[in-house]
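So this one's query.cif, mmCIF, C-alpha atoms:
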data_coords
loop_
_atom_site.label_atom_id
_atom_site.label_comp_id
_atom_site.auth_asym_id
_atom_site.auth_seq_id
_atom_site.Cartn_x
_atom_site.Cartn_y
_atom_site.Cartn_z
CA MET A 1 219.54 -68.96 97.31
CA ARG A 2 216.60 -67.95 95.15
CA ASN A 3 218.39 -64.78 94.16
CA LEU A 4 221.49 -66.71 93.26
CA LEU A 5 219.49 -69.05 91.06
CA ASN A 6 217.81 -66.03 89.48
CA ILE A 7 221.16 -64.49 88.70
CA LEU A 8 222.48 -67.76 87.29
CA TRP A 9 219.37 -68.05 85.14
CA LYS A 10 219.69 -64.48 83.96
CA TYR A 11 223.30 -64.89 82.90
CA GLN A 12 223.02 -68.48 81.66
CA PHE A 13 224.14 -67.47 78.17
CA PHE A 14 227.30 -65.83 79.46
CA ILE A 15 228.04 -68.65 81.92
CA ALA A 16 227.53 -71.31 79.25
CA PHE A 17 229.82 -69.33 76.98
CA LEU A 18 232.56 -69.19 79.62
CA PHE A 19 232.15 -72.88 80.36
CA LEU A 20 232.42 -74.00 76.74
CA GLN A 21 235.26 -71.58 76.08
CA ALA A 22 237.13 -73.06 79.05
CA ILE A 23 236.71 -76.54 77.55
CA SER A 24 237.99 -75.53 74.16
CA LEU A 25 240.95 -73.59 75.56
CA THR A 26 241.85 -76.61 77.69
CA LEU A 27 241.74 -78.76 74.56
CA LEU A 28 243.93 -76.21 72.81
CA PHE A 29 246.63 -76.08 75.45
CA GLN A 30 246.54 -79.73 76.42
CA TYR A 31 246.42 -81.10 72.88
CA ASN A 32 249.64 -83.04 73.26
CA LYS A 33 248.41 -84.80 76.37
CA PHE A 34 245.07 -85.63 74.80
CA HIS A 35 246.34 -87.00 71.55
CA LYS A 36 246.47 -90.60 72.69
CA ALA A 37 242.83 -90.62 73.78
CA GLU A 38 240.63 -93.21 72.09
CA VAL A 39 238.12 -90.63 70.89
CA LEU A 40 240.76 -88.74 68.99
CA THR A 41 242.21 -91.84 67.39
CA GLY A 42 238.73 -92.56 66.09
CA ALA A 43 238.45 -89.00 64.83
CA ALA A 44 241.83 -89.27 63.11
CA GLN A 45 240.63 -92.46 61.44
CA ILE A 46 237.55 -90.63 60.10
CA SER A 47 239.45 -87.59 58.85
CA GLY A 48 242.13 -89.87 57.37
CA SER A 49 239.59 -91.94 55.44
CA THR A 50 237.91 -88.78 54.13
CA TYR A 51 241.18 -87.33 52.92
CA LEU A 52 242.16 -90.67 51.36
CA PHE A 53 238.88 -90.88 49.46
CA VAL A 54 239.30 -87.41 47.99
CA ASN A 55 242.98 -87.94 47.31
CA ASN A 56 242.21 -91.12 45.35
CA ILE A 57 240.32 -88.93 42.92
CA GLN A 58 242.70 -85.97 43.00
CA SER A 59 245.79 -88.05 42.34
CA TYR A 60 244.68 -88.66 38.75
CA LEU A 61 245.20 -84.99 38.03
CA SER A 62 248.93 -85.10 38.70
CA LEU A 63 249.80 -88.46 37.13
CA LYS A 64 251.97 -86.84 34.48
CA GLU A 65 254.19 -84.96 36.93
CA GLU A 66 254.43 -88.01 39.16
CA ASN A 67 255.61 -90.14 36.22
CA GLU A 68 258.19 -87.55 35.32
CA LYS A 69 259.50 -87.52 38.89
CA LEU A 70 259.68 -91.31 38.98
CA ARG A 71 261.62 -91.43 35.72
CA LEU A 72 264.15 -88.92 37.00
CA GLU A 73 264.57 -90.91 40.16
CA ASN A 74 264.94 -94.16 38.24
CA GLU A 75 267.61 -92.55 36.12
CA HIS A 76 269.46 -91.52 39.24
CA LEU A 77 269.20 -95.00 40.75
CA LYS A 78 270.19 -96.74 37.50
CA ASN A 79 273.34 -94.69 37.44
CA ARG A 80 274.19 -96.08 40.87
CA SER A 81 273.29 -99.66 40.04
CA LYS A 82 276.03 -102.28 40.34
CA ALA A 83 274.64 -104.47 37.56
CA ASP A 84 276.80 -102.92 34.85
CA ALA A 85 279.87 -102.22 36.97
CA TYR A 86 283.30 -102.92 35.43
CA TYR A 87 283.97 -105.52 38.01
CA SER A 88 281.37 -107.23 40.14
CA LEU A 89 281.76 -109.96 42.67
CA ASP A 90 280.09 -113.18 41.70
CA THR A 91 277.83 -113.75 44.67
CA SER A 92 275.98 -116.71 43.20
CA LYS A 93 278.55 -119.18 44.58
CA THR A 94 279.57 -117.41 47.75
CA TYR A 95 277.45 -116.10 50.58
CA PHE A 96 278.28 -113.07 52.66
CA ASN A 97 276.68 -112.90 56.03
CA ASP A 98 278.01 -109.44 56.68
CA SER A 99 275.94 -106.75 58.33
CA LEU A 100 277.96 -104.19 56.38
CA PHE A 101 275.83 -104.98 53.37
CA GLN A 102 272.63 -104.29 55.23
CA ARG A 103 271.15 -100.87 55.13
CA GLN A 104 270.67 -98.75 58.21
CA TYR A 105 267.80 -96.77 56.73
CA LYS A 106 264.72 -98.25 55.17
CA PHE A 107 262.50 -96.13 52.95
CA LEU A 108 258.77 -96.69 52.69
CA SER A 109 256.96 -95.04 49.82
CA ALA A 110 253.84 -93.18 50.95
CA ARG A 111 251.25 -90.86 49.54
CA VAL A 112 250.52 -87.42 50.95
CA ILE A 113 246.75 -87.42 51.31
CA ASN A 114 246.46 -84.01 52.93
CA SER A 115 248.78 -81.13 53.67
CA THR A 116 248.56 -77.40 54.30
CA VAL A 117 251.00 -74.51 54.17
CA GLY A 118 248.79 -71.56 55.13
CA ASN A 119 248.58 -72.08 58.87
CA ARG A 120 250.98 -71.30 61.64
CA ASN A 121 251.35 -75.00 62.33
CA ASN A 122 251.10 -77.20 59.28
CA TYR A 123 250.63 -80.95 59.13
CA ILE A 124 251.06 -83.68 56.52
CA THR A 125 248.72 -86.69 56.49
CA LEU A 126 250.12 -89.90 54.96
CA ASN A 127 248.40 -93.11 53.88
CA HIS A 128 250.53 -95.46 56.01
CA GLY A 129 250.14 -96.15 59.70
CA GLU A 130 251.06 -98.53 62.45
CA PHE A 131 250.17 -101.56 60.30
CA SER A 132 252.95 -100.60 57.88
CA GLY A 133 255.45 -100.20 60.70
CA VAL A 134 255.30 -96.43 60.92
CA ALA A 135 256.02 -94.95 64.35
CA PRO A 136 256.33 -91.41 65.71
CA GLU A 137 259.63 -89.60 65.10
CA MET A 138 260.30 -91.08 61.71
CA GLY A 139 261.34 -88.74 58.91
CA ILE A 140 259.32 -87.73 55.85
CA ILE A 141 261.35 -86.97 52.72
CA THR A 142 260.70 -86.53 49.03
CA GLU A 143 263.10 -86.98 46.17
CA LYS A 144 263.88 -83.27 46.47
CA GLY A 145 264.50 -83.01 50.18
CA VAL A 146 263.21 -83.13 53.73
CA ALA A 147 259.47 -82.48 54.23
CA GLY A 148 258.68 -83.25 57.88
CA ILE A 149 258.67 -85.62 60.84
CA ILE A 150 255.93 -88.13 61.85
CA LYS A 151 254.07 -87.13 65.01
CA ASP A 152 251.04 -89.40 65.46
CA VAL A 153 250.06 -92.71 63.94
CA SER A 154 246.74 -94.54 63.83
CA SER A 155 246.39 -98.03 62.36
CA HIS A 156 246.16 -96.89 58.73
CA PHE A 157 247.28 -93.27 58.73
CA SER A 158 249.99 -91.10 60.12
CA VAL A 159 250.19 -87.37 60.69
CA GLY A 160 253.50 -85.57 60.51
CA LEU A 161 254.67 -82.12 61.47
CA SER A 162 255.63 -80.31 58.29
CA LEU A 163 258.86 -78.29 58.21
CA LEU A 164 256.37 -75.41 58.42
CA HIS A 165 255.42 -76.07 62.05
CA SER A 166 256.54 -74.02 65.02
CA LYS A 167 257.63 -77.15 66.91
CA THR A 168 259.74 -78.64 64.11
CA LYS A 169 263.45 -78.24 64.78
CA LEU A 170 265.75 -79.86 62.25
CA SER A 171 269.44 -80.45 62.86
CA VAL A 172 271.37 -79.54 59.71
CA ARG A 173 274.84 -78.65 58.50
CA LEU A 174 276.40 -76.57 55.79
CA LYS A 175 277.34 -78.92 52.99
CA ASN A 176 280.73 -77.40 52.20
CA SER A 177 282.00 -76.46 55.66
CA ASN A 178 280.18 -78.98 57.88
CA TYR A 179 279.11 -76.45 60.53
CA PHE A 180 276.03 -77.51 62.50
CA GLY A 181 272.87 -75.45 62.61
CA LEU A 182 269.21 -75.66 63.50
CA VAL A 183 266.35 -75.04 61.06
CA SER A 184 263.02 -73.72 62.32
CA TRP A 185 260.09 -71.67 61.01
CA ASP A 186 258.67 -68.42 62.34
CA GLY A 187 255.27 -68.85 60.74
CA VAL A 188 255.37 -66.03 58.21
CA ASN A 189 256.72 -66.99 54.80
CA PRO A 190 256.56 -70.67 53.73
CA TYR A 191 259.46 -70.08 51.34
CA ALA A 192 261.86 -68.79 54.00
CA LEU A 193 262.96 -70.90 56.98
CA ASN A 194 265.32 -69.69 59.70
CA LEU A 195 268.75 -71.21 60.13
CA ASP A 196 270.32 -70.54 63.53
CA ASP A 197 273.54 -71.39 65.35
CA ILE A 198 275.94 -70.83 62.45
CA PRO A 199 278.83 -68.82 63.95
CA ASN A 200 279.81 -65.44 62.51
CA HIS A 201 283.28 -66.39 61.37
CA VAL A 202 282.17 -69.08 58.94
CA ASN A 203 282.39 -68.10 55.31
CA ILE A 204 278.94 -68.51 53.74
CA GLN A 205 277.34 -67.36 50.53
CA VAL A 206 273.87 -67.02 49.08
CA GLY A 207 273.06 -70.28 47.33
CA ASP A 208 275.01 -72.52 49.73
CA THR A 209 273.41 -75.92 50.21
CA ILE A 210 272.06 -77.06 53.58
CA VAL A 211 271.83 -80.81 54.25
CA THR A 212 270.67 -82.91 57.19
CA SER A 213 273.34 -83.47 59.81
CA GLY A 214 272.56 -87.10 60.62
CA ALA A 215 272.86 -86.21 64.29
CA SER A 216 269.22 -86.66 65.21
CA SER A 217 268.79 -90.39 64.42
CA ILE A 218 265.73 -89.44 62.34
CA PHE A 219 267.36 -88.57 59.01
CA PRO A 220 270.52 -90.01 57.49
CA TYR A 221 273.38 -87.62 56.80
CA GLY A 222 273.33 -85.52 53.67
CA LEU A 223 269.68 -85.22 52.61
CA LEU A 224 268.88 -81.91 50.94
CA VAL A 225 267.06 -79.38 53.10
CA GLY A 226 267.45 -76.02 51.40
CA THR A 227 269.64 -73.29 50.02
CA ILE A 228 270.62 -69.98 51.63
CA ILE A 229 268.66 -67.05 50.22
CA SER A 230 269.88 -64.30 52.55
CA PHE A 231 272.09 -63.81 55.59
CA GLU A 232 273.21 -60.96 57.82
CA LYS A 233 275.62 -60.39 60.65
CA VAL A 234 273.89 -59.00 63.71
CA GLU A 235 275.89 -56.47 65.70
CA GLY A 236 277.01 -57.95 69.02
CA GLU A 237 275.76 -61.49 68.29
CA VAL A 238 277.86 -64.58 67.78
CA PHE A 239 275.59 -66.17 65.18
CA TYR A 240 274.38 -65.21 61.73
CA LYS A 241 270.73 -64.54 60.91
CA ILE A 242 270.19 -66.80 57.92
CA LYS A 243 267.09 -67.45 55.79
CA ILE A 244 266.95 -70.59 53.68
CA LYS A 245 264.56 -71.70 50.96
CA PRO A 246 263.46 -75.34 51.33
CA THR A 247 264.32 -77.41 48.24
CA GLN A 248 261.04 -79.29 48.57
CA ASP A 249 258.16 -76.93 47.74
CA LEU A 250 255.94 -77.93 50.63
CA ASN A 251 252.93 -76.60 48.77
CA SER A 252 253.10 -79.32 46.14
CA THR A 253 254.13 -82.48 47.93
CA SER A 254 252.10 -85.41 46.63
CA SER A 255 254.27 -88.46 47.21
CA CYS A 256 257.04 -89.06 49.70
CA TYR A 257 259.12 -91.62 51.58
CA ILE A 258 259.02 -92.42 55.26
CA VAL A 259 262.53 -92.89 56.65
CA MET A 260 262.90 -95.73 59.14
CA ASN A 261 266.17 -95.95 61.03
CA ARG A 262 266.87 -99.55 62.00
CA LEU A 263 269.60 -98.63 64.47
CA LYS A 264 267.70 -95.78 66.07
CA HIS A 265 266.80 -97.75 69.17
CA GLU A 266 270.44 -98.70 69.69
CA GLN A 267 271.70 -95.15 69.20
CA VAL A 268 269.13 -93.58 71.51
CA GLU A 269 269.74 -96.20 74.19
CA LEU A 270 273.47 -95.66 74.07
CA GLU A 271 273.09 -91.92 74.23
CA THR A 272 270.76 -92.04 77.23
CA THR A 273 273.04 -94.41 79.18
CA ALA A 274 276.00 -92.16 78.42
CA GLN A 275 274.08 -89.16 79.67
CA ALA A 276 272.79 -91.02 82.72
CA ASP A 277 276.35 -92.00 83.66
CA GLU A 278 277.41 -88.36 83.69
CA ASP A 279 274.65 -87.23 86.03
CA MET B 1 211.03 -79.21 63.14
CA ARG B 2 212.90 -82.48 63.03
CA ILE B 3 213.24 -82.38 59.27
CA GLU B 4 214.65 -78.90 59.63
CA TRP B 5 217.36 -80.15 61.98
CA ILE B 6 218.38 -82.84 59.53
CA ASN B 7 218.40 -80.21 56.83
CA TYR B 8 220.79 -78.07 58.87
CA LEU B 9 223.01 -81.04 59.68
CA PHE B 10 223.28 -81.76 55.97
CA ARG B 11 224.08 -78.10 55.29
CA PHE B 12 226.87 -78.19 57.84
CA LEU B 13 228.32 -81.35 56.31
CA VAL B 14 228.40 -79.72 52.86
CA VAL B 15 229.86 -76.45 54.14
CA GLY B 16 232.39 -78.26 56.36
CA ALA B 17 233.50 -80.55 53.52
CA LEU B 18 233.97 -77.54 51.22
CA GLN B 19 236.08 -75.87 53.90
CA VAL B 20 238.22 -78.87 54.76
CA LEU B 21 238.74 -80.19 51.25
CA PHE B 22 238.86 -77.01 49.24
CA PHE B 23 239.09 -73.68 51.05
CA ASN B 24 241.78 -74.82 53.50
CA HIS B 25 244.13 -75.22 50.55
CA ILE B 26 243.62 -71.69 49.28
CA ASN B 27 246.28 -69.31 50.44
CA VAL B 28 246.24 -66.01 48.56
CA PHE B 29 249.66 -64.32 48.57
CA ASN B 30 250.37 -66.11 51.82
CA VAL B 31 248.23 -63.61 53.78
CA ALA B 32 244.58 -64.49 53.11
CA ILE B 33 242.92 -67.82 53.88
CA PRO B 34 239.13 -68.04 53.46
CA PHE B 35 237.17 -69.64 56.30
CA PHE B 36 233.98 -70.13 54.35
CA TYR B 37 232.37 -72.46 56.87
CA VAL B 38 231.38 -69.55 59.15
CA ILE B 39 228.52 -68.93 56.69
CA PHE B 40 226.72 -71.74 58.51
CA PHE B 41 226.77 -69.97 61.89
CA ILE B 42 226.16 -66.53 60.40
CA THR B 43 223.03 -67.52 58.49
CA LEU B 44 221.36 -69.66 61.16
CA PRO B 45 217.78 -68.40 61.82
CA VAL B 46 217.48 -65.48 64.21
CA ASP B 47 215.51 -67.68 66.61
CA VAL B 48 218.49 -69.94 67.19
CA LYS B 49 220.03 -68.26 70.21
CA GLY B 50 221.11 -68.87 73.77
CA ILE B 51 222.75 -72.11 74.83
CA PRO B 52 221.72 -74.16 71.73
CA LEU B 53 223.54 -71.63 69.55
CA LEU B 54 226.68 -71.93 71.68
CA LEU B 55 226.53 -75.73 71.56
CA ILE B 56 226.10 -75.75 67.79
CA ALA B 57 229.10 -73.43 67.39
CA PHE B 58 231.24 -75.45 69.78
CA LEU B 59 230.51 -78.78 68.09
CA GLY B 60 230.82 -77.27 64.62
CA GLY B 61 234.18 -75.70 65.41
CA LEU B 62 235.41 -78.90 66.98
CA THR B 63 234.49 -80.86 63.84
CA ILE B 64 236.59 -78.54 61.69
CA ASP B 65 239.38 -78.83 64.28
CA VAL B 66 239.49 -82.60 64.00
CA PHE B 67 240.13 -82.29 60.27
CA THR B 68 242.85 -79.66 60.58
CA ASN B 69 244.74 -81.05 63.61
CA THR B 70 244.10 -77.85 65.53
CA LEU B 71 242.03 -79.07 68.47
CA GLY B 72 240.42 -76.13 70.27
CA MET B 73 241.37 -73.44 67.78
CA HIS B 74 238.29 -73.27 65.58
CA SER B 75 235.96 -74.09 68.47
CA THR B 76 237.28 -71.09 70.44
CA ALA B 77 236.80 -68.79 67.46
CA CYS B 78 233.32 -70.15 66.63
CA LEU B 79 232.19 -69.82 70.25
CA THR B 80 233.24 -66.17 70.26
CA LEU B 81 231.28 -65.66 67.03
CA ALA B 82 228.21 -67.35 68.50
CA PHE B 83 228.46 -65.30 71.67
CA ALA B 84 228.60 -62.04 69.75
CA ARG B 85 225.89 -62.93 67.21
CA PRO B 86 222.78 -62.02 69.30
CA TYR B 87 224.31 -58.65 70.21
CA VAL B 88 225.23 -57.86 66.61
CA LEU B 89 221.72 -58.88 65.50
CA GLU B 90 220.26 -56.56 68.13
CA LEU B 91 222.53 -53.74 67.04
CA LEU B 92 221.45 -54.04 63.42
CA SER B 93 217.80 -54.95 64.04
CA PRO B 94 215.21 -53.43 61.72
CA ARG B 95 212.82 -50.87 63.26
CA GLU B 96 209.92 -53.32 63.59
CA GLY B 97 212.12 -56.16 64.89
CA TYR B 98 212.81 -59.51 63.28
CA GLU B 99 210.01 -61.62 61.87
CA PHE B 100 209.50 -65.13 63.18
CA ASN B 101 211.86 -67.65 61.58
CA SER B 102 213.74 -65.08 59.51
CA LYS B 103 217.30 -65.80 58.44
CA PRO B 104 220.02 -63.15 58.49
CA SER B 105 220.91 -63.51 54.81
CA VAL B 106 221.29 -61.42 51.69
CA ALA B 107 218.03 -62.81 50.30
CA GLU B 108 215.96 -61.52 53.22
CA PHE B 109 217.74 -58.35 54.32
CA GLY B 110 219.71 -57.19 51.29
CA THR B 111 223.41 -56.85 50.60
CA LEU B 112 223.75 -53.47 52.33
CA TRP B 113 222.48 -54.89 55.60
CA PHE B 114 224.43 -58.13 55.27
CA ILE B 115 227.88 -56.62 54.65
CA PRO B 116 228.29 -54.90 58.08
CA TYR B 117 226.57 -57.80 59.86
CA GLY B 118 228.77 -60.43 58.20
CA LEU B 119 231.94 -58.38 58.41
CA ILE B 120 231.71 -57.78 62.16
CA LEU B 121 231.25 -61.48 62.90
CA ILE B 122 233.84 -62.65 60.36
CA VAL B 123 236.49 -60.20 61.57
CA LEU B 124 235.84 -61.25 65.16
CA HIS B 125 236.08 -64.96 64.28
CA HIS B 126 239.25 -64.55 62.21
CA PHE B 127 240.93 -62.31 64.77
CA VAL B 128 240.35 -64.81 67.58
CA LEU B 129 241.45 -67.67 65.30
CA PHE B 130 244.72 -66.07 64.23
CA SER B 131 245.51 -64.80 67.75
CA VAL B 132 244.97 -68.22 69.26
CA GLU B 133 247.10 -69.72 66.50
CA ALA B 134 250.03 -67.35 67.06
CA LEU B 135 249.68 -66.86 70.86
CA ARG B 136 252.14 -63.99 70.75
CA PHE B 137 251.10 -60.38 71.02
CA ALA B 138 254.42 -59.27 69.57
CA GLU B 139 252.93 -60.13 66.20
CA PHE B 140 249.83 -57.99 66.68
CA PHE B 141 250.05 -56.15 63.37
CA TRP B 142 250.78 -59.29 61.39
CA ILE B 143 247.72 -60.91 62.94
CA LEU B 144 245.62 -57.83 62.25
CA GLY B 145 246.69 -57.71 58.62
CA LYS B 146 246.04 -61.40 58.12
CA THR B 147 242.65 -61.03 59.84
CA LEU B 148 241.49 -58.16 57.64
CA SER B 149 242.68 -59.64 54.35
CA SER B 150 241.23 -63.08 55.16
CA ALA B 151 237.96 -61.55 56.41
CA ILE B 152 237.44 -59.63 53.17
CA LEU B 153 238.14 -62.78 51.16
CA THR B 154 235.74 -64.82 53.30
CA LEU B 155 233.03 -62.15 53.01
CA LEU B 156 233.36 -62.02 49.22
CA ILE B 157 233.04 -65.80 48.94
CA ILE B 158 230.06 -65.82 51.30
CA LEU B 159 228.34 -63.06 49.31
CA LEU B 160 228.98 -65.02 46.13
CA ALA B 161 227.53 -68.19 47.65
CA GLN B 162 224.52 -66.24 48.89
CA SER B 163 223.88 -64.79 45.45
CA PHE B 164 223.44 -68.32 44.08
CA ASN B 165 221.25 -69.11 47.04
CA ALA B 166 219.13 -65.97 46.64
CA LYS B 167 218.27 -66.84 43.05
CA SER B 168 217.34 -70.41 43.81
CA THR B 169 214.96 -69.31 46.60
CA GLN B 170 213.29 -66.82 44.31
CA PHE B 171 212.43 -69.58 41.88
CA GLU B 172 210.84 -71.72 44.50
#

Would you put the structure from the file into structure tokens?
Amino acid sequence: MRNLLNILWKYQFFIAFLFLQAISLTLLFQYNKFHKAEVLTGAAQISGSTYLFVNNIQSYLSLKEENEKLRLENEHLKNRSKADAYYSLDTSKTYFNDSLFQRQYKFLSARVINSTVGNRNNYITLNHGEFSGVAPEMGIITEKGVAGIIKDVSSHFSVGLSLLHSKTKLSVRLKNSNYFGLVSWDGVNPYALNLDDIPNHVNIQVGDTIVTSGASSIFPYGLLVGTIISFEKVEGEVFYKIKIKPTQDLNSTSSCYIVMNRLKHEQVELETTAQADED
Amino acid sequence: MRIEWINYLFRFLVVGALQVLFFNHINVFNVAIPFFYVIFFITLPVDVKGIPLLLIAFLGGLTIDVFTNTLGMHSTACLTLAFARPYVLELLSPREGYEFNSKPSVAEFGTLWFIPYGLILIVLHHFVLFSVEALRFAEFFWILGKTLSSAILTLLIILLAQSFNAKSTQFE
């Protein structure tokens, strides 16, 4: 017994090292299970507030670009406005209680208070949380295209997986031929995402536009994702190897919209019952 | 002694804030990211060793992790650095041994001594960090390249920071 204690004492440094390393590796591999723990929510609140404080100062530096972006977007929306249409229904005397006029997707403007592109798994921190109605699995878009998907929310902040994250899989389609594909990132070049599952026989070209498929219940159909920068046919494979460039430069995202799907619950419920019936 | 601890806590807060708010956003040619905060662990006094050193590294790494959503990644890398530090110090020890309370820094040991000392620890830290991040040995050479380029960048920034530090201590 004495010898054992002696040995333990002698190698205490090494044993302590192994012990702490075991803890941190457990944290690493179990991160998804831990993320609801109270401690971490508190930590997220602290890191969120810090990033918000710094971002409040930083945002003054890009006011000019932000104004420019807003004006372009206003121009686009004004062109779609019904106010100056040739013929408009006078709705002041009649009332339509028709759900057709309601929108399925609601957009909430949010500010990106922290984001990275250099890591293997990149995250976007936004300044809206549970109190603003944000929930996991909502989309993050900018006026230029898709940026990511919300993963965790605390009361005032939310953290989303960027498109540049190994776990982000985005269902897309080719804009001109409507073939479905899946966008993912291999962690090397932030300006080149992989597009899989496009069959060999489809006619594609460099520069073709990729849009969201609307199949996932996170994003509506037809939001810009990227353009094809290169593709090749692999011998003996059914699918192309395609690289696309995201239209939203994820390095310079400063403001964005959170996409909330009002009918998501209904769609998911229907899909699960349909699947359950088959089993 | 207590004042010294508070001093070091403050140092860590400054270094950590610089890392999280500034250096994490630097990405040179998409291959080199500086992890400046390791300067804190590298330049701790020689007398900080054993289990306290490991605990400091673990908690420090975990703090950075909380800010980068990478729980466990930086703490693993920092622990490895802390584990190797006494051995590297022994390997590079001066003939008459270390003086009491000396700090392994450019100011006390010179640039020529600091470069190999810093580089060994930085390369080790970065290699563990990038391996744990990728978790695929198929990408060994990519990880190695990223490690070396980032390590050189980190070392340069640390040397630069130390040169400011060296001057200010001389004036004191």

Which residues of chain B have any atom within 6 Å of an atom in chain A when counting only C-alpha atoms, and what is the closest pair of atoms for each, with the distance in Å to one decimal? Order the rows by chain and rising number and write it as a tab-separated table.
residue	atom	partner	partner_atom	distance
B:Asn27	CA	A:Gly118	CA	5.8
B:Gly50	CA	A:Phe13	CA	5.5
B:Ile51	CA	A:Phe13	CA	5.9
B:Phe67	CA	A:Ser47	CA	5.5
B:Leu71	CA	A:Leu28	CA	5.5
B:Gly72	CA	A:Leu28	CA	4.3
B:Thr76	CA	A:Ser24	CA	5.8

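We find CA of Ser155 (chain A) and CA of Gly129 (chain A) to be spaced 5.0 Å apart.
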
Straight-line distance linking CA of Leu155 (chain B) with CA of Gln19 (chain B), stated in Å to one decimal: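 A separation of 14.1 Å between them.
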
Reference answer for the PyMOL selection byres ((chain B and resi 61) around 8), as number ranges by chain: B: 57-60, 62-65, 72-79

Residues within 7 Å of region 144-150 of chain A, only C-alpha atoms, excluding chain neighbours under 2 positions, as a list in words: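 These residues fall inside the cut-off: Pro136, Glu137, Met138, Gly139, Ile140, Ile141, Thr142, Asp152, Ser158, Val159, Gly160, Leu161, Ser162, Leu163, Leu223, Leu224, Val225, Thr247, Gln248 and Leu250 of chain A.
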
For CA of Arg262 (chain A) and CA of Lys106 (chain A), the interatomic separation in Å (one decimal): 7.3 Å

What are the closest atom pairs, with distances in Å to one decimal, for each residue of region 31-110 of chain B lying within 12 Å of region 136-148 of chain B, using all atoms listed in the file, rows by chain and rising residue number, as CSV?
residue,atom,partner,partner_atom,distance
B:Val31,CA,B:Lys146,CA,5.3
B:Ala32,CA,B:Lys146,CA,6.1
B:Ile33,CA,B:Lys146,CA,8.3
B:Pro34,CA,B:Thr147,CA,10.1
B:Phe35,CA,B:Thr147,CA,10.8

Result set of the PyMOL selection byres ((chain B and resi 47) around 9) on the coordinates above, as a list in words: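 Selection result, ordered by chain and number: Leu44, Pro45, Val46, Val48, Lys49, Phe100, Asn101, Ser102 and Lys103 of chain B.
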
Ground truth for the PyMOL selection byres ((chain A and resi 213) around 8), written as a ChimeraX atom specification: /A:171-173,180,211-212,214-216,219-222

Nearest to Leu77 (chain A), chosen from A:Glu143, A:Asn178, A:Tyr11, A:Asp196, with only C-alpha atoms counted in the distances: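 Closest residue, counting only C-alpha atoms: A:Glu143.
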
Can I get a file of region 102-136 of chain A from the given structure, C-alpha atoms kept, as a compact mmCIF listing (two decimals), in the first residue's frame?
# COMPACT_ATOMS: atom_id res chain seq x y z
CA GLN A 102 -50.70 35.60 -44.72
CA ARG A 103 -47.06 34.85 -45.08
CA GLN A 104 -45.59 31.46 -44.30
CA TYR A 105 -42.15 32.85 -43.53
CA LYS A 106 -41.42 35.63 -41.11
CA PHE A 107 -38.08 37.43 -41.22
CA LEU A 108 -36.48 38.91 -38.14
CA SER A 109 -33.65 41.35 -38.65
CA ALA A 110 -30.62 40.53 -36.50
CA ARG A 111 -27.06 41.64 -36.07
CA VAL A 112 -24.08 39.33 -36.37
CA ILE A 113 -22.09 40.05 -33.24
CA ASN A 114 -19.40 37.44 -33.79
CA SER A 115 -18.43 35.08 -36.57
CA THR A 116 -15.35 33.22 -37.75
CA VAL A 117 -14.28 31.59 -40.99
CA GLY A 118 -10.82 30.27 -40.11
CA ASN A 119 -11.77 27.20 -38.11
CA ARG A 120 -12.91 23.78 -39.17
CA ASN A 121 -16.27 24.43 -37.56
CA ASN A 122 -17.42 28.02 -37.71
CA TYR A 123 -20.22 29.66 -35.78
CA ILE A 124 -22.25 32.86 -36.05
CA THR A 125 -23.45 34.65 -32.90
CA LEU A 126 -26.59 36.80 -33.26
CA ASN A 127 -28.10 39.42 -30.97
CA HIS A 128 -31.56 37.80 -30.72
CA GLY A 129 -32.54 34.88 -28.53
CA GLU A 130 -35.47 33.07 -27.05
CA PHE A 131 -37.11 36.33 -25.95
CA SER A 132 -37.42 37.36 -29.60
CA GLY A 133 -38.93 34.01 -30.55
CA VAL A 134 -35.79 32.48 -31.98
CA ALA A 135 -35.55 28.69 -31.72
CA PRO A 136 -33.04 26.09 -32.92
